[in-house]
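*Asks:* Sharing a structure with you now.
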Amino acid sequence: MVDNPYLAHLKLSQRRALVETSSVSANREPLFGFLPRKVKGEQVRKAMEHELNPFTKQPHSAQYRKILESRKELPVYSQMDEFFEIFSRHQIIVVVGETGAGKTTQIPQFVAYSDLPHSKGKLVACTQPRRIAAMSVARRVADEMDVQLGKHVGYSIRFEDMTEPGTTFLKYMTDGMLLREAMNDTALSRYSTIILDEAHERTLATDILMGLLKSLARRRPDLKIIVMSATLDAVKFQSYFSLHQPSEKPSPAPLFKVLGRTFPIEVFYTQEPEPDYVEAAIRTVLMIHRAEDPGDVLLFLTGEEEIEETCRKIKLEADDLINTDPSSVGPLMCVPLYSSLPPQQQQRIFEAAPKPTQEGYPPGRKVVVSTNVAETSLTIDGIVYVVDPGFFKQKVYNPRIRVESLLVSPISRASAQQRAGRAGRTRPGKCFRLYTEKDFISELQEGTYPEILTSNLASVVLILAGIGIKDLVRFDYLDAPAPETLMRALQLLNYLAALDDEGELTPLGRLMAEFPLDPQASKSLAKMLITSPEFKVSNDILTITAMLSVPNVWLRPPNQRAAADQAKALLTVPEGDHLTLLNVFNNYSQNKSDRNWAWNNFLSARALAQAENVRAQLLRTMERSEIELISVEDERKRNLGIQKALICGFFMQVAHKEGEKGSYLTVKDNQVVGLHPPAVLMPNQNGYYSTSLCSPSAVHSYGD
DNA sequence: CGACGCTGG
């Protein structure tokens with residue numbers, strides 16, 4: 001700097017001062033000499049060791065030093081130079097690595113050091129398929145960077161924006177949240193780099209974002225994109241994001257491989273196919289319990305009922321074993337796990353295995369019987385044995401009748417690998433696959449179907465229309481949905497008057513897109529809510545909409561079914577399921593002071609609290625969109641209004657009774673449908689019939 | 001007696 005000829009006119013003393021300040025600033029400024037996106041690993045390592053935090057300019061805490069030492073143990077830390085090398089040279093890269101390799105926590109930090117987003121008022125975003133992951137990873141990274149969560153590092157999820165505009169430069173968020181943002185800012189101009197994490201899970205939102213970002217990359221050369229995934233699908237992502245230079249052959253996006261750090265897992269197959277996978281699973285768990293070394297077991301089954309039943313059977317047989325010969329086998333604890341399980345009971349999966357019944361006797365064992373939640377969303381430490389019968393419940397969508405249903409189906413090889421991996425997180429493990437090796441190789445498909453191929457796409461179409469993408473058939477999908485699925489979605493939105501006959505978004509459609517609600521056939525909630533002021537019942541429809549957007553509120557514990565049904569009967573109103581839901585919520589609100597109200601009435605406190613949250617968010621959206629909030633005093637008029645608004649939003653499901661046999665025909669296209677069994681359906685004073693959910697397709701009947 | 005695998009705004 002002092003050799004600069006422009007400084008020649010300065011006096012010597014001034015020049016000396018300049019040298020001193022610049023060397024001071026080199027010492028005091030951890031990011032001295034950092035050029036955005038030309039940063040090298042060596043510089044970053046030095047900055048990390050610096051006494052000052054480069055982003056807060058505060059001295060690093062002792063905790064920071066400690067965490068930094070553990071970060072250095074991660075394989076990805078030693079690959080920093082290689083990462084910066086690839087990241088600096090390319091706009092789009094693909095990162096692969098086993099879970100637990102540290103890619104979710106480390107890569108976004110590396111990017112922040114390279115992008116220096118804080119110096120340009122930009123952000124680095126890292127998307128996650130689940131809220132809980134976005135929250136917990138952000139918390140961990142804030143600790144690693146020695147900043148307060150919500151300041152320089154934050155997260156953004158549906159009900160919580162833990163960021164500070166102007167300060168936050170590294171943001172973890174749900175993929176759905178970023179997709180929403182794309183509706184308001186098509187160029188995603190706030191971001192310097194966008195990282196799509198867990199891309200192999202192929203959620204609807206991540207798939208759409210990949211399509212959007214691929215085309216956005218051409219318009220925004222300054223935007224960098226990183227797609228992070230587990231190993232199997234890397235090649236697919238690489239070729240999808242290949243660069244098409246006009247004169248050259250397309251070259252696949254470069255790959256950065258994060259080295260794993262998992263323990264070896266021994267995989268066993270059955271000799272012959274098992275005719276009854278539940279029976280085989282129980283047999284295998286007990287075999288492990290009798291013959292294998294200490295260590296917990298994870299068994300994958302398909303659903304709540306199957307899991308509860310199996311837990312009972314395993315427990316019975318294990319008790320039998322220990323009663324026959326308490327000295328040869330330890331006590332067994334069997335815990336169910338599925339998402340609708342109350343949180344308190346979910347916690348049981350983290351309890352330690354039981355102690356030996358008596359000193360010197362064999363130690364106890366914990367067996368977790370779980371749905372697919374344990375495959376991705378929830379990690380249980382200490383699992384050594386995995387039992388994989390090879391089935392899961394798959395969603396299938398039939399566009400012709402617009403019905404989504406669940407089907408027990410064989411898993412994919414990718415899924416089998418993921419399940420096996422759950423055995424090797426703390427030490428070497430074993431995986432028992434209850435199918436033959438031949439079937440694994442030749443019968444299982446490679447990957448699980450991405451969501452975009454098995455879902456009703458009405459909400460996706462609405463969002464894309466909101467972003468301004470009209471030609472949905474030619475949108476650049478990683479996996480294109482069936483044209484019929486798209487057509488049915490467009491048709492539905494046209495019926496709902498969200499799209500006009502030219503496929504243009506109508507003002508109503510734009511409004512509908514604002515609401516975080518499904519515009520699906522089974523519940524056209526947004527439309528119902530928006531049109532409800534017409535019937536002077538928007539306040540009530542708001543509540544019903546919120547109740548319909550959360551999981552089932554009715555609890556029915558196996559040993560208290562009669563009591564639960566009785567409690568439900570007390571809250572039921574004759575006008576139907578929806579008015580009953582309204583009644584439940586209103587009673588819940590009036591009894592907020594009684595903490596046990598929900599439990600005493602056999603209702604899910606979690607679902608009700610969620611409904612309250614959703615209601616508040618929808619209310620904010622209504623206010624923003626200036627939708628009137630009204631309700632009429634007269635109860636009969638109100639109920640009639642509510643029923644009219646329901647039919648308006650649910651018109652695809654309106655059916656009329658056909659003869660006396662109890663069968664129904666839909667008004668829209670004469671499909672034969674039935675009523676959902678637990679529905680409340682009884683004639684009211686006017687001879688009208690009232691609503692209900694239904695299987696296979698929901699039906700709502702209000703007289704003729 | 002049924003249902004509802006999991007997740008998101």
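A note on labels: chains of the structure tokens are A, B, ... as shown, every chain counts residues from 1, and ligands are counted from 1 in their shown order.
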Report as a PDB file with all heavy atoms, in the first residue's frame the set of chain B residues whose atoms approach chain A to within 6 Å, with distances computed over only C-alpha atoms (C1' of nucleotides).
*Replies:*
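That gives us selection-v2.pdb:
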```pdb
ATOM      1  P    DG B   5     -51.788 -45.125   9.443  1.00  0.00           P
ATOM      2  OP1  DG B   5     -52.658 -46.091   8.826  1.00  0.00           O
ATOM      3  OP2  DG B   5     -51.203 -45.359  10.763  1.00  0.00           O
ATOM      4  O5'  DG B   5     -50.578 -44.799   8.494  1.00  0.00           O
ATOM      5  C5'  DG B   5     -49.931 -43.554   8.642  1.00  0.00           C
ATOM      6  C4'  DG B   5     -48.504 -43.714   8.161  1.00  0.00           C
ATOM      7  O4'  DG B   5     -48.535 -43.903   6.736  1.00  0.00           O
ATOM      8  C3'  DG B   5     -47.696 -42.437   8.367  1.00  0.00           C
ATOM      9  O3'  DG B   5     -47.131 -42.431   9.638  1.00  0.00           O
ATOM     10  C2'  DG B   5     -46.642 -42.603   7.272  1.00  0.00           C
ATOM     11  C1'  DG B   5     -47.499 -43.173   6.148  1.00  0.00           C
ATOM     12  N9   DG B   5     -48.089 -42.120   5.325  1.00  0.00           N
ATOM     13  C8   DG B   5     -49.372 -41.637   5.373  1.00  0.00           C
ATOM     14  N7   DG B   5     -49.605 -40.689   4.513  1.00  0.00           N
ATOM     15  C5   DG B   5     -48.407 -40.539   3.865  1.00  0.00           C
ATOM     16  C6   DG B   5     -48.027 -39.663   2.819  1.00  0.00           C
ATOM     17  O6   DG B   5     -48.735 -38.818   2.251  1.00  0.00           O
ATOM     18  N1   DG B   5     -46.696 -39.833   2.456  1.00  0.00           N
ATOM     19  C2   DG B   5     -45.821 -40.738   3.027  1.00  0.00           C
ATOM     20  N2   DG B   5     -44.604 -40.751   2.564  1.00  0.00           N
ATOM     21  N3   DG B   5     -46.166 -41.566   3.998  1.00  0.00           N
ATOM     22  C4   DG B   5     -47.455 -41.409   4.362  1.00  0.00           C
ATOM     23  P    DG B   8     -42.865 -30.081   8.709  1.00  0.00           P
ATOM     24  OP1  DG B   8     -41.661 -29.538   9.344  1.00  0.00           O
ATOM     25  OP2  DG B   8     -44.079 -30.324   9.510  1.00  0.00           O
ATOM     26  O5'  DG B   8     -43.291 -29.162   7.486  1.00  0.00           O
ATOM     27  C5'  DG B   8     -42.310 -28.781   6.545  1.00  0.00           C
ATOM     28  C4'  DG B   8     -42.976 -28.014   5.424  1.00  0.00           C
ATOM     29  O4'  DG B   8     -43.893 -28.858   4.714  1.00  0.00           O
ATOM     30  C3'  DG B   8     -43.845 -26.851   5.904  1.00  0.00           C
ATOM     31  O3'  DG B   8     -43.037 -25.707   6.068  1.00  0.00           O
ATOM     32  C2'  DG B   8     -44.802 -26.678   4.747  1.00  0.00           C
ATOM     33  C1'  DG B   8     -44.970 -28.093   4.207  1.00  0.00           C
ATOM     34  N9   DG B   8     -46.220 -28.717   4.613  1.00  0.00           N
ATOM     35  C8   DG B   8     -46.459 -29.415   5.771  1.00  0.00           C
ATOM     36  N7   DG B   8     -47.683 -29.874   5.847  1.00  0.00           N
ATOM     37  C5   DG B   8     -48.277 -29.433   4.675  1.00  0.00           C
ATOM     38  C6   DG B   8     -49.602 -29.617   4.198  1.00  0.00           C
ATOM     39  O6   DG B   8     -50.523 -30.214   4.747  1.00  0.00           O
ATOM     40  N1   DG B   8     -49.782 -29.013   2.958  1.00  0.00           N
ATOM     41  C2   DG B   8     -48.828 -28.329   2.263  1.00  0.00           C
ATOM     42  N2   DG B   8     -49.194 -27.811   1.095  1.00  0.00           N
ATOM     43  N3   DG B   8     -47.588 -28.153   2.697  1.00  0.00           N
ATOM     44  C4   DG B   8     -47.385 -28.730   3.905  1.00  0.00           C
ATOM     45  P    DG B   9     -43.523 -24.524   6.944  1.00  0.00           P
ATOM     46  OP1  DG B   9     -42.351 -23.693   7.202  1.00  0.00           O
ATOM     47  OP2  DG B   9     -44.339 -25.052   8.044  1.00  0.00           O
ATOM     48  O5'  DG B   9     -44.488 -23.749   5.950  1.00  0.00           O
ATOM     49  C5'  DG B   9     -43.907 -23.087   4.831  1.00  0.00           C
ATOM     50  C4'  DG B   9     -44.995 -22.420   4.051  1.00  0.00           C
ATOM     51  O4'  DG B   9     -45.971 -23.384   3.661  1.00  0.00           O
ATOM     52  C3'  DG B   9     -45.749 -21.338   4.838  1.00  0.00           C
ATOM     53  O3'  DG B   9     -45.855 -20.172   4.035  1.00  0.00           O
ATOM     54  C2'  DG B   9     -47.125 -21.916   5.067  1.00  0.00           C
ATOM     55  C1'  DG B   9     -47.271 -22.864   3.893  1.00  0.00           C
ATOM     56  N9   DG B   9     -48.159 -23.975   4.185  1.00  0.00           N
ATOM     57  C8   DG B   9     -48.151 -24.799   5.283  1.00  0.00           C
ATOM     58  N7   DG B   9     -49.088 -25.702   5.255  1.00  0.00           N
ATOM     59  C5   DG B   9     -49.758 -25.467   4.072  1.00  0.00           C
ATOM     60  C6   DG B   9     -50.871 -26.118   3.508  1.00  0.00           C
ATOM     61  O6   DG B   9     -51.507 -27.068   3.965  1.00  0.00           O
ATOM     62  N1   DG B   9     -51.232 -25.564   2.286  1.00  0.00           N
ATOM     63  C2   DG B   9     -50.598 -24.507   1.686  1.00  0.00           C
ATOM     64  N2   DG B   9     -51.085 -24.104   0.519  1.00  0.00           N
ATOM     65  N3   DG B   9     -49.552 -23.882   2.212  1.00  0.00           N
ATOM     66  C4   DG B   9     -49.192 -24.407   3.397  1.00  0.00           C
TER      67       DG B   9
END
```
*Asks:* With DSSP run on the backbone, what are the strand (DSSP E) residues within segment 331-524 of chain A? I'd like them as a ChimeraX atom specification.
*Replies:* /A:332-337,365-370,383-388,391-398,403-410,429-433,519-520,523-524
*Asks:* Find the spatial neighbours of Arg419 of chain A, counting only C-alpha atoms (C1' of nucleotides), within a cut-off of 9 Å - ignore same-chain residues fewer than 2 positions away - and output them as a ChimeraX atom specification.
*Replies:* /A:300,372,374-376,386-388,414-417,421-423,431
*Asks:* Please list as a ChimeraX atom specification every residue within 12 Å of segment 609-625 of chain A, counting only C-alpha atoms (C1' of nucleotides) and excluding residues in the same chain fewer than 4 positions away.
*Replies:* /A:158-160,507-508,510-517,525-526,529-533,538-553,581-582,584-586,588-589,592,595,598,603-605,629-630 /B:9
*Asks:* Skipping near chain neighbours, those fewer than 2 positions away, what residues fall within 9 Å of segment 458-460 of chain A using only C-alpha atoms (C1' of nucleotides), listed as a count of residues only?
*Replies:* 21
*Asks:* Any idea what the distance is between atom CA of Asp161 of chain A and atom CA of Pro117 of chain A?
*Replies:* 19.3 Å
